[in-house]
file data-v6.cif (mmCIF, C-alpha atoms)
data_query
#
loop_
_atom_site.group_PDB
_atom_site.id
_atom_site.type_symbol
_atom_site.label_atom_id
_atom_site.label_comp_id
_atom_site.auth_asym_id
_atom_site.auth_seq_id
_atom_site.Cartn_x
_atom_site.Cartn_y
_atom_site.Cartn_z
ATOM 1 C CA MET A 200 -51.383 -9.525 -37.007
ATOM 2 C CA PRO A 201 -50.548 -10.795 -40.452
ATOM 3 C CA ASP A 202 -48.875 -14.120 -40.722
ATOM 4 C CA ALA A 203 -45.087 -13.800 -40.814
ATOM 5 C CA SER A 204 -44.908 -16.392 -43.506
ATOM 6 C CA ALA A 205 -47.066 -14.212 -45.723
ATOM 7 C CA LEU A 206 -44.647 -11.289 -45.309
ATOM 8 C CA ALA A 207 -41.598 -13.364 -46.126
ATOM 9 C CA PRO A 208 -40.282 -12.898 -49.641
ATOM 10 C CA SER A 209 -41.437 -15.672 -51.857
ATOM 11 C CA THR A 210 -38.839 -17.991 -53.334
ATOM 12 C CA PRO A 211 -38.541 -17.472 -57.094
ATOM 13 C CA PRO A 212 -39.531 -20.522 -59.074
ATOM 14 C CA ALA A 213 -36.653 -22.638 -60.261
ATOM 15 C CA PRO A 214 -35.971 -22.261 -63.948
ATOM 16 C CA ALA A 215 -37.078 -25.136 -66.059
ATOM 17 C CA GLY A 216 -34.212 -27.560 -66.478
ATOM 18 C CA ILE A 217 -32.927 -28.362 -69.926
ATOM 19 C CA GLY A 218 -33.755 -31.873 -71.071
ATOM 20 C CA PRO A 219 -31.239 -34.501 -72.221
ATOM 21 C CA TRP A 220 -31.940 -33.808 -75.899
ATOM 22 C CA GLY A 221 -31.432 -30.066 -75.440
ATOM 23 C CA ALA A 222 -28.231 -30.647 -73.463
ATOM 24 C CA TYR A 223 -26.950 -33.016 -76.139
ATOM 25 C CA ARG A 224 -27.618 -30.496 -78.905
ATOM 26 C CA THR A 225 -25.884 -27.744 -76.935
ATOM 27 C CA LEU A 226 -22.833 -29.908 -76.297
ATOM 28 C CA LEU A 227 -22.790 -31.002 -79.922
ATOM 29 C CA SER A 228 -22.804 -27.380 -81.068
ATOM 30 C CA TRP A 229 -19.991 -26.628 -78.636
ATOM 31 C CA GLN A 230 -17.859 -29.491 -79.915
ATOM 32 C CA LEU A 231 -18.492 -28.556 -83.539
ATOM 33 C CA ALA A 232 -17.494 -24.960 -82.816
ATOM 34 C CA GLN A 233 -14.286 -26.145 -81.158
ATOM 35 C CA ILE A 234 -13.224 -28.391 -83.998
ATOM 36 C CA GLY A 235 -14.749 -26.386 -86.832
ATOM 37 C CA GLY A 236 -11.514 -24.696 -87.853
ATOM 38 C CA LEU A 237 -9.762 -28.051 -88.157
ATOM 39 C CA LEU A 238 -12.334 -29.638 -90.461
ATOM 40 C CA PRO A 239 -10.665 -28.517 -93.731
ATOM 41 C CA LEU A 240 -7.318 -29.746 -92.422
ATOM 42 C CA LEU A 241 -8.789 -33.113 -91.450
ATOM 43 C CA VAL A 242 -10.257 -33.512 -94.937
ATOM 44 C CA VAL A 243 -6.858 -32.770 -96.478
ATOM 45 C CA VAL A 244 -5.164 -35.233 -94.105
ATOM 46 C CA GLN A 245 -7.684 -37.932 -95.037
ATOM 47 C CA ALA A 246 -7.096 -37.351 -98.749
ATOM 48 C CA LEU A 247 -3.306 -37.381 -98.406
ATOM 49 C CA LEU A 248 -3.327 -40.483 -96.224
ATOM 50 C CA ALA A 249 -5.641 -42.276 -98.637
ATOM 51 C CA ALA A 250 -3.355 -41.364 -101.531
ATOM 52 C CA GLY A 251 -0.338 -42.493 -99.536
ATOM 53 C CA ILE A 252 -1.876 -45.887 -98.819
ATOM 54 C CA VAL A 253 -3.458 -46.613 -102.180
ATOM 55 C CA ILE A 254 -0.776 -45.067 -104.395
ATOM 56 C CA GLY A 255 2.328 -45.008 -102.186
ATOM 57 C CA PHE A 256 2.023 -48.573 -100.919
ATOM 58 C CA GLY A 257 1.321 -49.658 -104.483
ATOM 59 C CA LEU A 258 4.717 -48.315 -105.516
ATOM 60 C CA LEU A 259 6.337 -50.736 -103.067
ATOM 61 C CA VAL A 260 4.768 -53.711 -104.849
ATOM 62 C CA PRO A 261 6.286 -54.446 -108.274
ATOM 63 C CA GLY A 262 3.607 -54.851 -110.899
ATOM 64 C CA VAL A 263 0.406 -54.225 -108.973
ATOM 65 C CA ASP A 264 -2.219 -56.637 -110.277
ATOM 66 C CA ALA A 265 -5.996 -56.322 -109.938
ATOM 67 C CA ALA A 266 -6.153 -58.391 -106.743
ATOM 68 C CA THR A 267 -3.482 -56.277 -105.032
ATOM 69 C CA ALA A 268 -5.157 -53.059 -106.142
ATOM 70 C CA VAL A 269 -8.478 -54.225 -104.701
ATOM 71 C CA PHE A 270 -6.810 -55.250 -101.446
ATOM 72 C CA LEU A 271 -5.072 -51.879 -101.069
ATOM 73 C CA THR A 272 -8.176 -49.892 -101.946
ATOM 74 C CA THR A 273 -10.491 -51.837 -99.648
ATOM 75 C CA GLY A 274 -7.971 -51.725 -96.809
ATOM 76 C CA ALA A 275 -7.335 -47.980 -96.984
ATOM 77 C CA PRO A 276 -10.703 -46.977 -95.413
ATOM 78 C CA THR A 277 -9.912 -49.041 -92.314
ATOM 79 C CA VAL A 278 -6.522 -47.365 -91.940
ATOM 80 C CA LEU A 279 -8.131 -43.940 -92.226
ATOM 81 C CA LEU A 280 -10.875 -44.731 -89.709
ATOM 82 C CA LEU A 281 -8.418 -46.206 -87.224
ATOM 83 C CA THR A 282 -5.929 -43.373 -87.668
ATOM 84 C CA ILE A 283 -8.538 -40.761 -86.845
ATOM 85 C CA GLY A 284 -10.025 -42.743 -83.971
ATOM 86 C CA LEU A 285 -6.808 -44.026 -82.408
ATOM 87 C CA ALA A 286 -4.524 -41.040 -83.094
ATOM 88 C CA ILE A 287 -6.352 -37.770 -83.732
ATOM 89 C CA VAL A 288 -9.090 -38.346 -81.136
ATOM 90 C CA PRO A 289 -6.699 -39.117 -78.230
ATOM 91 C CA GLN A 290 -4.514 -36.155 -79.122
ATOM 92 C CA GLY A 291 -7.521 -33.840 -79.300
ATOM 93 C CA VAL A 292 -8.943 -35.018 -75.971
ATOM 94 C CA ALA A 293 -5.484 -34.877 -74.366
ATOM 95 C CA ARG A 294 -5.163 -31.266 -75.504
ATOM 96 C CA THR A 295 -8.483 -30.364 -73.863
ATOM 97 C CA ARG A 296 -7.279 -31.994 -70.641
ATOM 98 C CA LEU A 297 -4.113 -29.902 -70.704
ATOM 99 C CA ASP A 298 -5.813 -26.555 -71.401
ATOM 100 C CA GLY A 299 -8.621 -27.149 -68.872
ATOM 101 C CA THR A 300 -11.478 -27.439 -71.355
ATOM 102 C CA PHE A 301 -12.100 -31.063 -70.391
ATOM 103 C CA THR A 302 -12.389 -30.172 -66.694
ATOM 104 C CA TYR A 303 -14.718 -27.284 -67.491
ATOM 105 C CA MET A 304 -16.984 -29.495 -69.595
ATOM 106 C CA ARG A 305 -17.173 -32.082 -66.812
ATOM 107 C CA ALA A 306 -18.252 -29.339 -64.388
ATOM 108 C CA LEU A 307 -21.276 -28.386 -66.486
ATOM 109 C CA PRO A 308 -24.668 -29.316 -64.994
ATOM 110 C CA VAL A 309 -25.399 -31.932 -67.650
ATOM 111 C CA PRO A 310 -25.217 -35.720 -67.507
ATOM 112 C CA ARG A 311 -21.600 -36.600 -68.139
ATOM 113 C CA PRO A 312 -22.368 -39.461 -70.540
ATOM 114 C CA LEU A 313 -23.769 -36.790 -72.871
ATOM 115 C CA LEU A 314 -20.276 -35.273 -73.074
ATOM 116 C CA PHE A 315 -18.977 -38.542 -74.453
ATOM 117 C CA LEU A 316 -21.959 -38.960 -76.775
ATOM 118 C CA ALA A 317 -21.470 -35.482 -78.259
ATOM 119 C CA ASP A 318 -17.748 -36.100 -78.785
ATOM 120 C CA LEU A 319 -18.463 -39.507 -80.287
ATOM 121 C CA THR A 320 -21.010 -38.053 -82.712
ATOM 122 C CA VAL A 321 -18.624 -35.381 -83.978
ATOM 123 C CA TRP A 322 -15.670 -37.710 -84.476
ATOM 124 C CA VAL A 323 -17.713 -40.444 -86.139
ATOM 125 C CA ALA A 324 -19.145 -37.837 -88.517
ATOM 126 C CA ILE A 325 -15.572 -36.845 -89.373
ATOM 127 C CA CYS A 326 -14.379 -40.462 -89.719
ATOM 128 C CA VAL A 327 -17.026 -41.972 -91.964
ATOM 129 C CA PRO A 328 -16.455 -39.808 -95.090
ATOM 130 C CA SER A 329 -12.899 -41.159 -95.203
ATOM 131 C CA VAL A 330 -14.335 -44.398 -96.620
ATOM 132 C CA GLY A 331 -15.513 -42.501 -99.688
ATOM 133 C CA VAL A 332 -12.188 -40.654 -99.961
ATOM 134 C CA ALA A 333 -10.204 -43.905 -100.005
ATOM 135 C CA VAL A 334 -12.507 -45.567 -102.538
ATOM 136 C CA LEU A 335 -12.361 -42.488 -104.783
ATOM 137 C CA VAL A 336 -8.554 -42.465 -104.749
ATOM 138 C CA GLY A 337 -8.457 -46.199 -105.531
ATOM 139 C CA TRP A 338 -10.924 -45.770 -108.374
ATOM 140 C CA LEU A 339 -8.947 -42.891 -109.897
ATOM 141 C CA ARG A 340 -5.627 -44.746 -109.575
ATOM 142 C CA TYR A 341 -6.584 -48.274 -110.598
ATOM 143 C CA ASP A 342 -9.971 -47.835 -112.324
ATOM 144 C CA LEU A 343 -11.554 -50.438 -110.049
ATOM 145 C CA ARG A 344 -15.104 -51.708 -110.260
ATOM 146 C CA LEU A 345 -16.130 -52.636 -106.728
ATOM 147 C CA SER A 346 -19.292 -54.508 -105.761
ATOM 148 C CA PHE A 347 -20.860 -52.783 -102.765
ATOM 149 C CA ASP A 348 -22.955 -54.503 -100.139
ATOM 150 C CA TRP A 349 -24.486 -51.253 -98.879
ATOM 151 C CA PRO A 350 -26.118 -52.462 -95.638
ATOM 152 C CA LEU A 351 -22.922 -54.250 -94.604
ATOM 153 C CA LEU A 352 -20.721 -51.343 -95.729
ATOM 154 C CA VAL A 353 -22.680 -48.724 -93.789
ATOM 155 C CA CYS A 354 -22.906 -50.840 -90.638
ATOM 156 C CA ALA A 355 -19.236 -51.876 -90.796
ATOM 157 C CA ALA A 356 -18.027 -48.312 -91.387
ATOM 158 C CA LEU A 357 -20.079 -46.995 -88.469
ATOM 159 C CA LEU A 358 -18.995 -49.829 -86.174
ATOM 160 C CA VAL A 359 -15.297 -49.445 -87.012
ATOM 161 C CA ALA A 360 -15.522 -45.663 -86.593
ATOM 162 C CA VAL A 361 -17.348 -45.923 -83.251
ATOM 163 C CA THR A 362 -14.960 -48.612 -82.007
ATOM 164 C CA ALA A 363 -11.829 -46.671 -82.974
ATOM 165 C CA THR A 364 -13.200 -43.437 -81.509
ATOM 166 C CA ALA A 365 -14.325 -45.105 -78.278
ATOM 167 C CA VAL A 366 -10.980 -46.855 -77.793
ATOM 168 C CA GLY A 367 -9.086 -43.655 -78.628
ATOM 169 C CA TYR A 368 -11.233 -41.664 -76.207
ATOM 170 C CA ALA A 369 -10.621 -44.293 -73.520
ATOM 171 C CA ILE A 370 -6.869 -43.985 -74.035
ATOM 172 C CA ALA A 371 -7.086 -40.211 -73.695
ATOM 173 C CA VAL A 372 -9.091 -40.220 -70.455
ATOM 174 C CA LEU A 373 -7.340 -43.209 -68.882
ATOM 175 C CA LEU A 374 -3.715 -42.135 -69.386
ATOM 176 C CA LYS A 375 -1.920 -38.905 -68.624
ATOM 177 C CA PRO A 376 -2.164 -36.452 -71.553
ATOM 178 C CA MET A 377 1.470 -36.699 -72.662
ATOM 179 C CA LEU A 378 1.454 -40.498 -72.400
ATOM 180 C CA ALA A 379 -1.846 -40.680 -74.312
ATOM 181 C CA GLN A 380 -0.341 -38.661 -77.156
ATOM 182 C CA LEU A 381 2.702 -40.941 -77.273
ATOM 183 C CA VAL A 382 0.585 -44.110 -77.274
ATOM 184 C CA SER A 383 -1.608 -42.734 -80.062
ATOM 185 C CA GLN A 384 1.443 -42.118 -82.260
ATOM 186 C CA VAL A 385 2.724 -45.651 -81.662
ATOM 187 C CA LEU A 386 -0.682 -47.060 -82.615
ATOM 188 C CA VAL A 387 -0.538 -45.293 -85.979
ATOM 189 C CA PHE A 388 2.677 -47.119 -86.894
ATOM 190 C CA PHE A 389 1.195 -50.390 -85.645
ATOM 191 C CA VAL A 390 -1.866 -50.000 -87.857
ATOM 192 C CA LEU A 391 0.051 -48.820 -90.916
ATOM 193 C CA LEU A 392 2.990 -51.213 -90.901
ATOM 194 C CA PHE A 393 2.263 -54.225 -88.732
ATOM 195 C CA SER A 394 -1.435 -54.964 -89.259
ATOM 196 C CA PRO A 395 -2.887 -57.124 -92.055
ATOM 197 C CA VAL A 396 -4.957 -54.327 -93.539
ATOM 198 C CA THR A 397 -3.008 -53.392 -96.669
ATOM 199 C CA PHE A 398 -1.386 -56.822 -97.021
ATOM 200 C CA PRO A 399 -2.733 -60.380 -96.514
ATOM 201 C CA ALA A 400 -2.565 -61.897 -93.035
ATOM 202 C CA ASP A 401 -0.793 -65.023 -94.319
ATOM 203 C CA ARG A 402 2.415 -62.990 -94.609
ATOM 204 C CA LEU A 403 2.592 -62.749 -90.822
ATOM 205 C CA PRO A 404 3.943 -65.368 -88.383
ATOM 206 C CA GLY A 405 1.332 -67.714 -86.958
ATOM 207 C CA TRP A 406 1.434 -66.269 -83.435
ATOM 208 C CA TYR A 407 1.031 -62.750 -84.813
ATOM 209 C CA ARG A 408 -1.977 -63.752 -86.892
ATOM 210 C CA THR A 409 -3.516 -65.249 -83.765
ATOM 211 C CA LEU A 410 -2.914 -61.978 -81.912
ATOM 212 C CA HIS A 411 -4.717 -60.054 -84.636
ATOM 213 C CA ASP A 412 -7.697 -62.375 -84.295
ATOM 214 C CA VAL A 413 -8.478 -60.740 -80.940
ATOM 215 C CA LEU A 414 -7.467 -57.177 -81.859
ATOM 216 C CA PRO A 415 -9.971 -54.906 -83.639
ATOM 217 C CA VAL A 416 -7.782 -53.984 -86.617
ATOM 218 C CA ARG A 417 -7.956 -57.067 -88.836
ATOM 219 C CA PRO A 418 -11.634 -57.866 -88.069
ATOM 220 C CA GLY A 419 -12.612 -54.273 -88.865
ATOM 221 C CA ALA A 420 -10.661 -54.373 -92.132
ATOM 222 C CA ASP A 421 -12.254 -57.671 -93.178
ATOM 223 C CA LEU A 422 -15.776 -56.428 -92.476
ATOM 224 C CA LEU A 423 -15.224 -53.250 -94.475
ATOM 225 C CA ARG A 424 -13.573 -55.239 -97.254
ATOM 226 C CA ALA A 425 -16.626 -57.494 -97.485
ATOM 227 C CA GLY A 426 -18.835 -54.425 -97.753
ATOM 228 C CA LEU A 427 -16.726 -52.852 -100.503
ATOM 229 C CA ALA A 428 -16.026 -55.984 -102.567
ATOM 230 C CA SER A 429 -18.796 -58.394 -101.693
ATOM 231 C CA ASP A 430 -18.099 -60.611 -104.706
ATOM 232 C CA LEU A 431 -14.573 -61.336 -103.441
ATOM 233 C CA TYR A 432 -14.798 -61.271 -99.636
ATOM 234 C CA GLU A 433 -17.290 -62.497 -97.059
ATOM 235 C CA ALA A 434 -18.090 -61.130 -93.615
ATOM 236 C CA ALA A 435 -17.534 -63.374 -90.585
ATOM 237 C CA ALA A 436 -19.615 -63.326 -87.412
ATOM 238 C CA ARG A 437 -16.452 -63.699 -85.318
ATOM 239 C CA ASP A 438 -15.077 -60.414 -86.685
ATOM 240 C CA LEU A 439 -18.304 -58.666 -85.727
ATOM 241 C CA LEU A 440 -18.134 -60.121 -82.215
ATOM 242 C CA VAL A 441 -14.526 -58.960 -81.723
ATOM 243 C CA LEU A 442 -15.385 -55.430 -82.827
ATOM 244 C CA LEU A 443 -18.448 -55.276 -80.586
ATOM 245 C CA CYS A 444 -16.380 -56.360 -77.574
ATOM 246 C CA TRP A 445 -13.744 -53.691 -78.202
ATOM 247 C CA CYS A 446 -16.432 -51.080 -78.784
ATOM 248 C CA ALA A 447 -18.193 -51.962 -75.523
ATOM 249 C CA ALA A 448 -14.897 -51.883 -73.616
ATOM 250 C CA GLY A 449 -13.955 -48.478 -75.023
ATOM 251 C CA VAL A 450 -17.362 -46.998 -74.227
ATOM 252 C CA ALA A 451 -17.378 -48.469 -70.699
ATOM 253 C CA ILE A 452 -13.905 -47.147 -69.856
ATOM 254 C CA SER A 453 -14.682 -43.701 -71.268
ATOM 255 C CA LEU A 454 -17.961 -43.390 -69.377
ATOM 256 C CA ARG A 455 -16.404 -44.606 -66.137
ATOM 257 C CA ALA A 456 -13.652 -42.003 -66.422
ATOM 258 C CA LEU A 457 -16.192 -39.261 -67.116
ATOM 259 C CA VAL A 458 -18.604 -40.028 -64.293
ATOM 260 C CA ARG A 459 -16.091 -40.757 -61.539
ATOM 261 C CA ARG A 460 -15.507 -38.099 -58.892
ATOM 262 C CA ASP A 461 -12.110 -36.393 -58.856
#

call {"tool": "encode", "arguments": {"input": "data-v6.cif", "output": "structure tokens"}}
result
Amino acid sequence: MPDASALAPSTPPAPAGIGPWGAYRTLLSWQLAQIGGLLPLLVVVQALLAAGIVIGFGLLVPGVDAATAVFLTTGAPTVLLLTIGLAIVPQGVARTRLDGTFTYMRALPVPRPLLFLADLTVWVAICVPSVGVAVLVGWLRYDLRLSFDWPLLVCAALLVAVTATAVGYAIAVLLKPMLAQLVSQVLVFFVLLFSPVTFPADRLPGWYRTLHDVLPVRPGADLLRAGLASDLYEAAARDLLVLLCWCAAGVAISLRALVRRD
């Protein structure tokens, strides 16, 4: 009598699993497809915001001299990077949480940290060109001649963009969607009007300057400023340390929210 095990239908071999790199590329393509239609709008928003900071803020200062023009132009990239990371990113992630896309993506059979990495890659790629937009507007308006420290500029722009995006993503996944959108809007006003990015820190009260020493806004602005005008400004190790701490905190909170069980 033939063996019963030989007559039993054989189990089909399991399909080969997709590797981390393949999963990352698939998620990246998905995220790009989702945001693709908004890319032209984001470029326009970056250009308008850069013009508003460099030109509009300059109208508030009577008789803009060369030093003020340099300060406005070198501060504008930080405002743009932080606005995208702290405002547009939380609102975009909050929208995906409301329409169910976020839940669907978390249910995919891929490592959840790759979801964050794909999102981070897309938003950083959108953020970084804003540095060039702001510098171009400043050059056209004030005919500036900046001295670039390219290694510092590239590293500072990437670090500020990653930090802003990670913190914005953490806000979106930590708070309820409607609250995250409200907080992101408040942060825009804080960055634009109450942070020493487009004006010197010595105009602020002492306690407020001390507060900005531990927040990522002023350190990020100073690092980018040193990269754009290296003959006028110097980078400080303390600013780098503050940014790295905020970046690590944003990444840790985002990953924890992604990998936790509902």

call {"tool": "resolve_selection", "arguments": {"input": "data-v6.cif", "expression": "the PyMOL selection byres ((chain A and resi 333) around 9)", "output": "PyMOL selection string"}}
result
chain A and resi 245-246+248-250+252-253+272-276+279+328-332+334-338

call {"tool": "atom_distance", "arguments": {"input": "data-v6.cif", "atom1": "atom CA of Ser228 of chain A", "atom2": "atom CA of Leu442 of chain A"}}
result
29.1 Å

call {"tool": "residues_near_point", "arguments": {"input": "data-v6.cif", "point": "(-17.1, -37.8, -77.8)", "cutoff": "10 Å", "atoms": "all atoms listed in the file", "output": "ChimeraX atom specification"}}
result
/A:226-227,230,288,292,312-323,361,364-365,367-368,450,453

call {"tool": "write_last_selection", "arguments": {"input": "data-v6.cif", "atoms": "C-alpha atoms", "output": "PDB file, in the coordinates of the input"}}
result
ATOM      1  CA  LEU A 226     -22.833 -29.908 -76.297  1.00  0.00           C
ATOM      2  CA  LEU A 227     -22.790 -31.002 -79.922  1.00  0.00           C
ATOM      3  CA  GLN A 230     -17.859 -29.491 -79.915  1.00  0.00           C
ATOM      4  CA  VAL A 288      -9.090 -38.346 -81.136  1.00  0.00           C
ATOM      5  CA  VAL A 292      -8.943 -35.018 -75.971  1.00  0.00           C
ATOM      6  CA  PRO A 312     -22.368 -39.461 -70.540  1.00  0.00           C
ATOM      7  CA  LEU A 313     -23.769 -36.790 -72.871  1.00  0.00           C
ATOM      8  CA  LEU A 314     -20.276 -35.273 -73.074  1.00  0.00           C
ATOM      9  CA  PHE A 315     -18.977 -38.542 -74.453  1.00  0.00           C
ATOM     10  CA  LEU A 316     -21.959 -38.960 -76.775  1.00  0.00           C
ATOM     11  CA  ALA A 317     -21.470 -35.482 -78.259  1.00  0.00           C
ATOM     12  CA  ASP A 318     -17.748 -36.100 -78.785  1.00  0.00           C
ATOM     13  CA  LEU A 319     -18.463 -39.507 -80.287  1.00  0.00           C
ATOM     14  CA  THR A 320     -21.010 -38.053 -82.712  1.00  0.00           C
ATOM     15  CA  VAL A 321     -18.624 -35.381 -83.978  1.00  0.00           C
ATOM     16  CA  TRP A 322     -15.670 -37.710 -84.476  1.00  0.00           C
ATOM     17  CA  VAL A 323     -17.713 -40.444 -86.139  1.00  0.00           C
ATOM     18  CA  VAL A 361     -17.348 -45.923 -83.251  1.00  0.00           C
ATOM     19  CA  THR A 364     -13.200 -43.437 -81.509  1.00  0.00           C
ATOM     20  CA  ALA A 365     -14.325 -45.105 -78.278  1.00  0.00           C
ATOM     21  CA  GLY A 367      -9.086 -43.655 -78.628  1.00  0.00           C
ATOM     22  CA  TYR A 368     -11.233 -41.664 -76.207  1.00  0.00           C
ATOM     23  CA  VAL A 450     -17.362 -46.998 -74.227  1.00  0.00           C
ATOM     24  CA  SER A 453     -14.682 -43.701 -71.268  1.00  0.00           C
TER      25      SER A 453
END

call {"tool": "resolve_selection", "arguments": {"input": "data-v6.cif", "expression": "the PyMOL selection byres ((chain A and resi 354) around 12)", "output": "PyMOL selection string"}}
result
chain A and resi 327+348-353+355-362+419+422-423+425-427+434+439+442-443

call {"tool": "residues_around", "arguments": {"input": "data-v6.cif", "residues": "Phe398 of chain A", "least_positions_apart": "4", "cutoff": "12 Å", "atoms": "all atoms listed in the file", "output": "PDB file with C-alpha atoms, in the coordinates of the input"}}
result
ATOM      1  CA  ILE A 252      -1.876 -45.887 -98.819  1.00  0.00           C
ATOM      2  CA  VAL A 253      -3.458 -46.613-102.180  1.00  0.00           C
ATOM      3  CA  PHE A 256       2.023 -48.573-100.919  1.00  0.00           C
ATOM      4  CA  GLY A 257       1.321 -49.658-104.483  1.00  0.00           C
ATOM      5  CA  LEU A 259       6.337 -50.736-103.067  1.00  0.00           C
ATOM      6  CA  VAL A 260       4.768 -53.711-104.849  1.00  0.00           C
ATOM      7  CA  ALA A 266      -6.153 -58.391-106.743  1.00  0.00           C
ATOM      8  CA  THR A 267      -3.482 -56.277-105.032  1.00  0.00           C
ATOM      9  CA  ALA A 268      -5.157 -53.059-106.142  1.00  0.00           C
ATOM     10  CA  VAL A 269      -8.478 -54.225-104.701  1.00  0.00           C
ATOM     11  CA  PHE A 270      -6.810 -55.250-101.446  1.00  0.00           C
ATOM     12  CA  LEU A 271      -5.072 -51.879-101.069  1.00  0.00           C
ATOM     13  CA  THR A 272      -8.176 -49.892-101.946  1.00  0.00           C
ATOM     14  CA  THR A 273     -10.491 -51.837 -99.648  1.00  0.00           C
ATOM     15  CA  GLY A 274      -7.971 -51.725 -96.809  1.00  0.00           C
ATOM     16  CA  ALA A 275      -7.335 -47.980 -96.984  1.00  0.00           C
ATOM     17  CA  VAL A 278      -6.522 -47.365 -91.940  1.00  0.00           C
ATOM     18  CA  VAL A 390      -1.866 -50.000 -87.857  1.00  0.00           C
ATOM     19  CA  LEU A 391       0.051 -48.820 -90.916  1.00  0.00           C
ATOM     20  CA  LEU A 392       2.990 -51.213 -90.901  1.00  0.00           C
ATOM     21  CA  PHE A 393       2.263 -54.225 -88.732  1.00  0.00           C
ATOM     22  CA  SER A 394      -1.435 -54.964 -89.259  1.00  0.00           C
ATOM     23  CA  ARG A 402       2.415 -62.990 -94.609  1.00  0.00           C
ATOM     24  CA  LEU A 403       2.592 -62.749 -90.822  1.00  0.00           C
ATOM     25  CA  ARG A 417      -7.956 -57.067 -88.836  1.00  0.00           C
ATOM     26  CA  ALA A 420     -10.661 -54.373 -92.132  1.00  0.00           C
ATOM     27  CA  ASP A 421     -12.254 -57.671 -93.178  1.00  0.00           C
TER      28      ASP A 421
END

call {"tool": "resolve_selection", "arguments": {"input": "data-v6.cif", "expression": "the PyMOL selection byres ((chain A and resi 371-373) around 9)", "output": "ChimeraX atom specification"}}
result
/A:288-293,296,366-370,374-376,378-380,383,452-453,456-457

call {"tool": "atom_distance", "arguments": {"input": "data-v6.cif", "atom1": "atom CA of Ile254 of chain A", "atom2": "atom CA of Arg340 of chain A"}}
result
7.1 Å

call {"tool": "atom_distance", "arguments": {"input": "data-v6.cif", "atom1": "atom CA of Ala324 of chain A", "atom2": "atom CA of Thr302 of chain A"}}
result
24.1 Å

call {"tool": "decode", "arguments": {"input": "data-v6.cif", "residues": "segment 346-350 of chain A", "atoms": "all heavy atoms", "output": "PDB file, in the first residue's frame"}}
result
ATOM      1  N   SER A 346      29.507  83.588   0.567  1.00  0.00           N
ATOM      2  CA  SER A 346      30.679  82.697   0.573  1.00  0.00           C
ATOM      3  C   SER A 346      30.238  81.346   1.135  1.00  0.00           C
ATOM      4  O   SER A 346      29.991  81.220   2.333  1.00  0.00           O
ATOM      5  CB  SER A 346      31.800  83.301   1.428  1.00  0.00           C
ATOM      6  OG  SER A 346      31.332  83.597   2.724  1.00  0.00           O
ATOM      7  N   PHE A 347      30.147  80.352   0.282  1.00  0.00           N
ATOM      8  CA  PHE A 347      29.604  79.058   0.667  1.00  0.00           C
ATOM      9  C   PHE A 347      30.684  78.147   1.247  1.00  0.00           C
ATOM     10  O   PHE A 347      31.783  78.041   0.688  1.00  0.00           O
ATOM     11  CB  PHE A 347      28.969  78.357  -0.538  1.00  0.00           C
ATOM     12  CG  PHE A 347      27.822  79.122  -1.150  1.00  0.00           C
ATOM     13  CD1 PHE A 347      27.993  79.822  -2.335  1.00  0.00           C
ATOM     14  CD2 PHE A 347      26.591  79.144  -0.530  1.00  0.00           C
ATOM     15  CE1 PHE A 347      26.943  80.528  -2.895  1.00  0.00           C
ATOM     16  CE2 PHE A 347      25.532  79.843  -1.083  1.00  0.00           C
ATOM     17  CZ  PHE A 347      25.708  80.547  -2.272  1.00  0.00           C
ATOM     18  N   ASP A 348      30.358  77.523   2.352  1.00  0.00           N
ATOM     19  CA  ASP A 348      31.137  76.413   2.881  1.00  0.00           C
ATOM     20  C   ASP A 348      30.336  75.158   2.529  1.00  0.00           C
ATOM     21  O   ASP A 348      29.454  74.735   3.268  1.00  0.00           O
ATOM     22  CB  ASP A 348      31.309  76.555   4.394  1.00  0.00           C
ATOM     23  CG  ASP A 348      32.170  75.450   4.989  1.00  0.00           C
ATOM     24  OD1 ASP A 348      32.331  74.391   4.344  1.00  0.00           O
ATOM     25  OD2 ASP A 348      32.659  75.626   6.121  1.00  0.00           O
ATOM     26  N   TRP A 349      30.624  74.562   1.376  1.00  0.00           N
ATOM     27  CA  TRP A 349      29.755  73.531   0.813  1.00  0.00           C
ATOM     28  C   TRP A 349      29.590  72.308   1.705  1.00  0.00           C
ATOM     29  O   TRP A 349      28.456  71.839   1.888  1.00  0.00           O
ATOM     30  CB  TRP A 349      30.247  73.126  -0.579  1.00  0.00           C
ATOM     31  CG  TRP A 349      29.989  74.172  -1.611  1.00  0.00           C
ATOM     32  CD1 TRP A 349      30.894  75.003  -2.195  1.00  0.00           C
ATOM     33  CD2 TRP A 349      28.713  74.540  -2.158  1.00  0.00           C
ATOM     34  NE1 TRP A 349      30.280  75.856  -3.068  1.00  0.00           N
ATOM     35  CE2 TRP A 349      28.944  75.589  -3.077  1.00  0.00           C
ATOM     36  CE3 TRP A 349      27.418  74.074  -1.962  1.00  0.00           C
ATOM     37  CZ2 TRP A 349      27.913  76.179  -3.802  1.00  0.00           C
ATOM     38  CZ3 TRP A 349      26.386  74.665  -2.679  1.00  0.00           C
ATOM     39  CH2 TRP A 349      26.628  75.693  -3.584  1.00  0.00           C
ATOM     40  N   PRO A 350      30.650  71.750   2.277  1.00  0.00           N
ATOM     41  CA  PRO A 350      30.423  70.597   3.173  1.00  0.00           C
ATOM     42  C   PRO A 350      29.511  70.933   4.342  1.00  0.00           C
ATOM     43  O   PRO A 350      28.601  70.160   4.669  1.00  0.00           O
ATOM     44  CB  PRO A 350      31.846  70.241   3.647  1.00  0.00           C
ATOM     45  CG  PRO A 350      32.739  70.753   2.568  1.00  0.00           C
ATOM     46  CD  PRO A 350      32.093  72.008   2.087  1.00  0.00           C
TER      47      PRO A 350
END
